[in-house]
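Structure below is work.csv: CSV, C-alpha atoms.
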chain,number,residue,atom,x,y,z
P,225,MET,CA,95.4,56.3,86.6
P,226,SER,CA,97.4,59.5,87.0
P,227,ARG,CA,99.8,60.7,84.4
P,228,GLU,CA,103.4,60.6,85.6
P,229,ILE,CA,105.1,63.9,86.4
P,230,ASN,CA,108.1,64.5,84.2
P,231,LYS,CA,110.5,67.3,83.0
P,232,ASP,CA,107.8,68.5,80.5
P,233,THR,CA,105.0,68.8,83.1
P,234,GLN,CA,103.7,72.3,83.1
P,235,LEU,CA,103.0,73.9,86.5
P,236,CYS,CA,100.0,76.1,87.2
P,237,MET,CA,99.5,77.6,90.6
P,238,SER,CA,97.6,80.1,92.8
P,239,LEU,CA,98.6,82.9,95.1
P,240,ALA,CA,96.3,83.7,98.0
P,241,GLY,CA,96.5,85.1,101.4
P,242,ARG,CA,94.4,82.1,102.6
P,243,PRO,CA,94.8,79.3,100.0
P,244,GLY,CA,91.8,77.1,99.4
P,245,ASN,CA,91.3,73.8,97.7
P,246,PHE,CA,88.6,74.5,95.0
P,247,GLY,CA,91.1,75.6,92.3
P,248,THR,CA,93.6,72.8,93.0
P,249,ARG,CA,90.9,70.1,92.9
P,250,PHE,CA,89.1,71.6,89.9
P,251,HIS,CA,92.2,72.0,87.7
P,252,ASN,CA,93.9,68.7,88.7
P,253,TYR,CA,90.7,66.8,88.1
P,254,LEU,CA,90.4,68.1,84.5
P,255,TYR,CA,94.1,67.6,83.8
P,256,GLN,CA,93.7,63.9,84.7
P,257,GLU,CA,90.3,63.7,82.9
P,258,LEU,CA,91.8,65.2,79.7
P,259,ASP,CA,95.2,63.5,80.0
P,260,LEU,CA,97.0,66.8,80.0
P,261,ASN,CA,100.6,67.1,81.2
P,262,PHE,CA,99.9,69.8,83.9
P,263,ILE,CA,99.9,70.0,87.6
P,264,TYR,CA,98.3,72.7,89.9
P,265,LYS,CA,99.4,73.7,93.4
P,266,ALA,CA,98.2,76.4,95.8
P,267,PHE,CA,100.7,78.8,97.4
P,268,THR,CA,100.8,81.9,99.6
P,269,THR,CA,103.5,84.5,99.9
P,270,LYS,CA,104.6,87.6,101.9
P,271,ASP,CA,106.6,89.0,98.9
P,272,ILE,CA,104.3,89.4,95.8
P,273,GLN,CA,107.0,91.0,93.7
P,274,ALA,CA,109.3,88.0,94.2
P,275,ALA,CA,106.4,85.5,93.7
P,276,VAL,CA,105.5,87.1,90.4
P,277,GLY,CA,109.1,87.2,89.4
P,278,GLY,CA,109.3,83.4,90.2
P,279,VAL,CA,106.3,82.8,87.9
P,280,ARG,CA,108.2,84.5,85.1
P,281,ALA,CA,111.7,83.1,85.8
P,282,LEU,CA,110.6,79.5,86.3
P,283,GLY,CA,108.3,79.3,83.3
P,284,ILE,CA,105.2,78.7,85.4
P,285,ARG,CA,102.4,78.6,82.8
P,286,GLY,CA,99.6,80.1,84.8
P,287,CYS,CA,98.9,81.7,88.2
P,288,ALA,CA,95.5,82.4,89.8
P,289,VAL,CA,95.6,85.4,92.1
P,290,SER,CA,93.3,85.9,95.1
P,291,MET,CA,93.1,88.5,97.8
P,292,PRO,CA,95.1,90.4,99.0
P,293,PHE,CA,97.2,90.3,95.8
P,294,LYS,CA,94.7,91.2,93.0
P,295,GLU,CA,95.9,94.8,92.8
P,296,SER,CA,99.4,94.7,94.3
P,297,CYS,CA,100.6,92.3,91.6
P,298,ILE,CA,99.8,94.7,88.7
P,299,PRO,CA,103.1,96.7,88.7
P,300,PHE,CA,105.1,93.4,88.1
P,301,LEU,CA,103.1,92.3,85.0
P,302,ASP,CA,103.6,93.1,81.3
P,303,GLU,CA,100.0,93.6,80.0
P,304,LEU,CA,96.4,93.7,81.2
P,305,ASP,CA,93.6,92.2,79.2
P,306,PRO,CA,90.5,94.4,79.0
P,307,SER,CA,88.8,92.2,81.6
P,308,ALA,CA,91.5,93.3,84.1
P,309,THR,CA,91.8,96.8,82.9
P,310,ALA,CA,88.1,97.4,83.4
P,311,ILE,CA,88.4,97.0,87.1
P,312,GLU,CA,92.1,97.4,87.7
P,313,SER,CA,92.2,94.0,89.4
P,314,VAL,CA,93.8,90.7,88.4
P,315,ASN,CA,92.8,87.1,89.2
P,316,THR,CA,94.7,85.3,86.4
P,317,ILE,CA,98.2,85.5,85.0
P,318,VAL,CA,99.2,83.7,81.9
P,319,ASN,CA,103.0,83.3,81.1
P,320,ASP,CA,103.9,83.1,77.4
P,321,ASP,CA,107.7,82.6,77.3
P,322,GLY,CA,108.3,85.1,80.1
P,323,PHE,CA,105.6,87.6,79.0
P,324,LEU,CA,103.0,88.0,81.7
P,325,ARG,CA,99.5,88.9,80.6
P,326,ALA,CA,96.8,89.4,83.2
P,327,TYR,CA,93.1,88.7,83.1
P,328,ASN,CA,90.1,88.9,85.5
P,329,THR,CA,88.0,85.8,85.0
P,330,ASP,CA,85.6,86.9,87.8
P,331,TYR,CA,84.5,89.7,85.5
P,332,ILE,CA,84.3,87.4,82.5
P,333,ALA,CA,82.2,84.9,84.6
P,334,ILE,CA,79.8,87.5,85.7
P,335,ALA,CA,79.4,88.9,82.2
P,336,LYS,CA,78.8,85.4,80.8
P,337,LEU,CA,76.2,84.6,83.5
P,338,LEU,CA,74.3,87.8,82.8
P,339,ALA,CA,74.2,86.8,79.1
P,340,LYS,CA,73.4,83.2,79.8
P,341,TYR,CA,70.3,84.0,81.9
P,342,GLN,CA,69.3,86.8,79.5
P,343,ILE,CA,68.8,89.3,82.4
P,344,PRO,CA,67.5,92.5,80.7
P,345,PRO,CA,69.8,95.5,81.3
P,346,THR,CA,66.7,97.5,82.3
P,347,THR,CA,66.5,95.4,85.5
P,348,SER,CA,67.0,97.5,88.6
P,349,PHE,CA,69.4,96.0,91.2
P,350,ALA,CA,70.8,96.4,94.7
P,351,LEU,CA,74.3,95.0,95.1
P,352,ARG,CA,75.5,94.5,98.7
P,353,GLY,CA,79.3,94.8,99.0
P,354,SER,CA,82.2,97.0,98.2
P,355,GLY,CA,85.3,94.8,97.9
P,356,GLY,CA,87.3,93.5,95.0
P,357,MET,CA,84.7,91.0,93.9
P,358,ALA,CA,82.0,93.7,94.2
P,359,LYS,CA,84.1,95.8,91.8
P,360,ALA,CA,84.2,92.9,89.3
P,361,VAL,CA,80.4,92.4,89.5
P,362,THR,CA,79.6,96.1,89.3
P,363,ALA,CA,81.9,96.6,86.3
P,364,ALA,CA,80.3,93.7,84.5
P,365,LEU,CA,76.8,95.1,85.2
P,366,ARG,CA,77.8,98.5,83.9
P,367,ASP,CA,79.4,97.1,80.7
P,368,ALA,CA,76.3,95.0,80.1
P,369,GLY,CA,74.2,98.2,80.1
P,370,PHE,CA,72.6,98.1,83.5
P,371,LYS,CA,71.8,101.7,84.5
P,372,ASN,CA,69.5,101.5,87.5
P,373,GLY,CA,71.6,100.2,90.4
P,374,HIS,CA,72.3,100.8,94.0
P,375,ILE,CA,75.5,99.9,95.9
P,376,ILE,CA,74.7,98.9,99.5
P,377,ALA,CA,77.7,99.2,101.7
P,378,ARG,CA,78.2,100.2,105.3
P,379,ASN,CA,81.7,101.5,104.6
P,380,PRO,CA,80.8,105.0,103.2
P,381,GLN,CA,84.2,105.6,101.6
P,382,ALA,CA,84.4,102.3,99.7
P,383,GLY,CA,80.7,102.2,98.9
P,384,GLN,CA,80.5,105.7,97.6
P,385,ALA,CA,83.8,105.3,95.6
P,386,LEU,CA,82.4,102.2,93.9
P,387,ALA,CA,79.1,103.8,93.1
P,388,VAL,CA,80.6,106.9,91.7
P,389,GLN,CA,83.2,105.0,89.6
P,390,TYR,CA,80.5,103.0,87.8
P,391,GLY,CA,77.7,105.5,87.8
P,392,TYR,CA,75.3,104.0,90.4
P,393,GLN,CA,73.7,105.2,93.7
P,394,TRP,CA,75.1,104.4,97.1
P,395,GLN,CA,73.3,103.9,100.4
P,396,ALA,CA,74.5,102.3,103.7
P,397,GLU,CA,71.4,100.1,104.1
P,398,VAL,CA,68.7,98.8,101.8
P,399,GLY,CA,65.9,100.4,103.9
P,400,ASP,CA,62.6,100.4,101.9
P,401,LEU,CA,64.3,100.2,98.5
P,402,GLN,CA,62.6,97.7,96.2
P,403,VAL,CA,64.5,96.4,93.2
P,404,GLU,CA,64.1,93.6,90.6
P,405,MET,CA,67.5,91.9,91.4
P,406,VAL,CA,69.3,91.5,94.7
P,407,ILE,CA,73.0,90.7,94.5
P,408,ASN,CA,75.1,89.5,97.4
P,409,VAL,CA,78.9,90.1,97.2
P,410,THR,CA,79.7,89.8,100.9
P,411,PRO,CA,80.6,86.9,103.1
P,412,ILE,CA,77.1,86.7,104.5
P,413,GLY,CA,75.9,83.1,104.1
P,414,MET,CA,79.4,81.7,103.6
P,415,THR,CA,80.2,78.3,105.2
P,416,GLY,CA,82.3,78.7,108.3
P,417,GLY,CA,81.6,82.4,108.7
P,418,THR,CA,79.9,84.1,111.7
P,419,GLU,CA,77.0,85.0,109.4
P,420,SER,CA,76.7,81.6,107.7
P,421,GLU,CA,73.0,81.3,108.5
P,422,GLN,CA,71.9,84.8,107.8
P,423,LEU,CA,70.1,86.3,104.8
P,424,SER,CA,72.1,88.9,103.0
P,425,PHE,CA,69.0,90.9,102.4
P,426,GLU,CA,65.8,91.4,104.4
P,427,SER,CA,63.1,88.9,103.5
P,428,THR,CA,60.7,91.7,102.3
P,429,THR,CA,63.4,93.0,99.9
P,430,ILE,CA,63.9,89.5,98.5
P,431,LYS,CA,60.1,88.9,98.1
P,432,ALA,CA,59.8,92.1,96.1
P,433,ALA,CA,62.5,91.0,93.7
P,434,LYS,CA,62.5,88.7,90.7
P,435,ILE,CA,66.1,87.6,90.7
P,436,ALA,CA,68.6,86.7,93.4
P,437,PHE,CA,72.3,86.5,92.6
P,438,ASP,CA,74.8,85.3,95.2
P,439,VAL,CA,78.5,85.1,94.6
P,440,VAL,CA,79.1,83.0,97.7
P,441,ALA,CA,80.2,79.6,96.4
P,442,LEU,CA,80.2,77.6,99.6
P,443,PRO,CA,77.6,76.4,100.3
P,444,ALA,CA,76.1,76.3,96.8
P,445,GLU,CA,72.7,76.8,98.3
P,446,THR,CA,73.2,79.9,100.6
P,447,PRO,CA,70.4,81.1,102.8
P,448,LEU,CA,69.7,83.8,100.2
P,449,ILE,CA,69.5,81.2,97.4
P,450,ARG,CA,67.4,78.8,99.4
P,451,TYR,CA,64.9,81.6,100.4
P,452,ALA,CA,64.8,83.0,96.9
P,453,ARG,CA,63.9,79.6,95.5
P,454,GLU,CA,61.1,79.2,98.0
P,455,GLN,CA,59.7,82.5,96.8
P,456,GLY,CA,59.9,81.4,93.2
P,457,LEU,CA,62.6,83.8,92.2
P,458,GLN,CA,65.1,83.2,89.4
P,459,VAL,CA,68.5,82.4,91.0
P,460,VAL,CA,72.2,82.7,90.0
P,461,THR,CA,74.5,81.0,92.4
P,462,GLY,CA,78.1,81.5,93.5
P,463,ALA,CA,78.8,77.8,92.6
P,464,GLU,CA,78.2,78.8,89.0
P,465,VAL,CA,80.5,81.9,89.4
P,466,ILE,CA,83.4,80.0,90.9
P,467,ALA,CA,83.2,77.1,88.4
P,468,LEU,CA,82.9,79.5,85.4
P,469,GLN,CA,85.8,81.7,86.5
P,470,ALA,CA,88.0,78.6,87.1
P,471,LEU,CA,87.0,77.2,83.7
P,472,GLU,CA,88.0,80.4,82.0
P,473,GLN,CA,91.4,80.1,83.8
P,474,PHE,CA,91.7,76.5,82.7
P,475,VAL,CA,91.1,77.4,79.0
P,476,LEU,CA,93.6,80.3,79.2
P,477,TYR,CA,96.3,78.0,80.7
P,478,THR,CA,95.8,74.9,78.5
P,479,GLY,CA,94.0,76.1,75.3
P,480,VAL,CA,91.5,73.2,75.9
P,481,ARG,CA,87.8,73.8,76.7
P,482,PRO,CA,86.2,70.8,78.5
P,483,THR,CA,82.7,69.6,77.8
P,484,ASP,CA,79.8,70.8,80.0
P,485,GLU,CA,79.6,67.3,81.6
P,486,GLN,CA,83.3,67.4,82.4
P,487,ILE,CA,83.0,70.9,83.9
P,488,THR,CA,80.1,69.8,86.1
P,489,ARG,CA,82.0,66.8,87.4
P,490,ALA,CA,85.1,68.9,88.1
P,491,ALA,CA,83.1,71.5,90.0
P,492,ALA,CA,81.4,68.8,92.1
P,493,HIS,CA,84.7,67.1,92.8
P,494,ALA,CA,86.2,70.5,93.8
P,495,ARG,CA,83.4,71.3,96.2
P,496,GLY,CA,83.6,67.8,97.7
Output the file's structure as structure tokens, nothing else.
Amino acid sequence: MSREINKDTQLCMSLAGRPGNFGTRFHNYLYQELDLNFIYKAFTTKDIQAAVGGVRALGIRGCAVSMPFKESCIPFLDELDPSATAIESVNTIVNDDGFLRAYNTDYIAIAKLLAKYQIPPTTSFALRGSGGMAKAVTAALRDAGFKNGHIIARNPQAGQALAVQYGYQWQAEVGDLQVEMVINVTPIGMTGGTESEQLSFESTTIKAAKIAFDVVALPAETPLIRYAREQGLQVVTGAEVIALQALEQFVLYTGVRPTDEQITRAAAHARG
């Protein structure tokens, strides 16, 4: 039975160019499960300054931020947590009595997964991608001590800039490069996309690796993850990333950390 909305109900929300359902379903499931007087709703906007001003003025407790607002919202905030400062990108705003503090739980999620799976910092890697999420992953790798990395990006400006900023090599294509970990931070393999059935790396590159890491969350088993499992590689999935970053948002908003079982159920519900 759902808790009745009342004057004390706290609102959390998301701002995205193309709003999705994962966050809404994940958060609202846990609010009900834990009997918390919160509600979560997804929004979009054409005026990010006014939208952030509304978060502050209306006392909205928390706001998730997705593309294309992760950087454009920064001038309207009061303070950046180190997780956001590290990559100059925001995906979470917490409102404490009108003071807006920003975080990047994508960065936090990647850092926690690298630690959880005890991936040695000596591991060589190739990361495909150069967008905002690629920045979060690259920064987390650098801060965890990974030194031998290659950024694979067809866009030379974005790819080289990302590589130079974090101290890695850049190349447009993988070519004959062999590494111990392949990381996909592009839409390749994503449900509904034009490349949904494609591998994000050549099969020979995957076979030569020991670990495959895909940040694509839908489907949970992307072509890269399926193929890597077949080859006996260790895998880290986008489903783990999206659930962990949403969990860290949930904790920041509510101060409550659900159990592992509750998180698993919430993530399954959100994907369904």
Between atom CA of P:Ala363 and atom CA of P:Ala266, what is the spacing in Å?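 One can read the atom CA of P:Ala266 to atom CA of P:Ala363 distance as 27.6 Å.
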Residue with smallest distance to P:Ala436 - pool P:Ser348, P:Gln393, P:Gln342, P:Gln458, counting all atoms listed in the file: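 So, comparing all the options, the nearest one is P:Gln458.
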Quick one: residues within 8 Å of stretch 310-325 of chain P, all atoms listed in the file, excluding same-chain residues fewer than 4 positions away - as a ChimeraX atom specification? /P:279-281,283-290,294-295,297-298,301-306,329-330,356,359-360,363,473,476-477
Skip P:Arg453 itself and residues of its chain fewer than 6 positions away, then list as a PyMOL selection string all residues within 10 Å of it, counting all atoms listed in the file. chain P and resi 435-436+445+447+459
Could you tell me, as a PyMOL selection string, which residues have any atom at most 10 Å from (80.9, 99.8, 100.7), counting only C-alpha atoms? chain P and resi 351-355+358+375-387+394-396
From atom CA of P:Leu338 to atom CA of P:Val398 the spacing works out at 22.7 Å
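You will find atom CA of P:Thr410 at 22.8 Å from atom CA of P:Ala492.
Remark: for P:Ser307, the closest of the candidate residues P:Met414, P:Gln469, P:Leu254, P:Gly247 is P:Gln469 (distances computed over all atoms listed in the file).
Minimum atom-to-atom distances from P:Ala326, P:Ala490, P:Val361, P:Val480 to P:Val465 were compared using only C-alpha atoms, and the lowest value belongs to P:Val361.
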From the set P:Ile334, P:Asp438, P:Thr488, P:Thr478, which residue has the shortest atom-to-atom contact distance to P:Leu260, counting only C-alpha atoms?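 Using only C-alpha atoms, P:Leu260 sits closest to P:Thr478.
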Up to 7 Å from (67.5, 94.0, 93.9) in the file's coordinates: name the residues, counting all atoms listed in the file, as a list in words.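 It turns out the residues near that spot are Ser348, Phe349, Ala350, Leu351, Gln402, Val403, Glu404, Met405, Val406, Ile407 and Ala433 of chain P.
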Tell me which protein, DNA and RNA residues are within 10 Å of P:Ser420, counting all atoms listed in the file, leaving out same-chain ones fewer than 2 positions away, and put them as a count of residues only. 15
Just checking: using all atoms listed in the file, which residue out of P:Val440, P:Leu258, P:Val460, P:Leu401 ends up closest to P:Ile487?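 For P:Ile487, the nearest of the given residues is P:Leu258.
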Using all atoms listed in the file, which of the listed residues (P:Thr233, P:Tyr264, P:Asp271, P:Tyr390) sits closest to P:Phe246?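 The shortest atom-to-atom distance to P:Phe246 comes from P:Tyr264.
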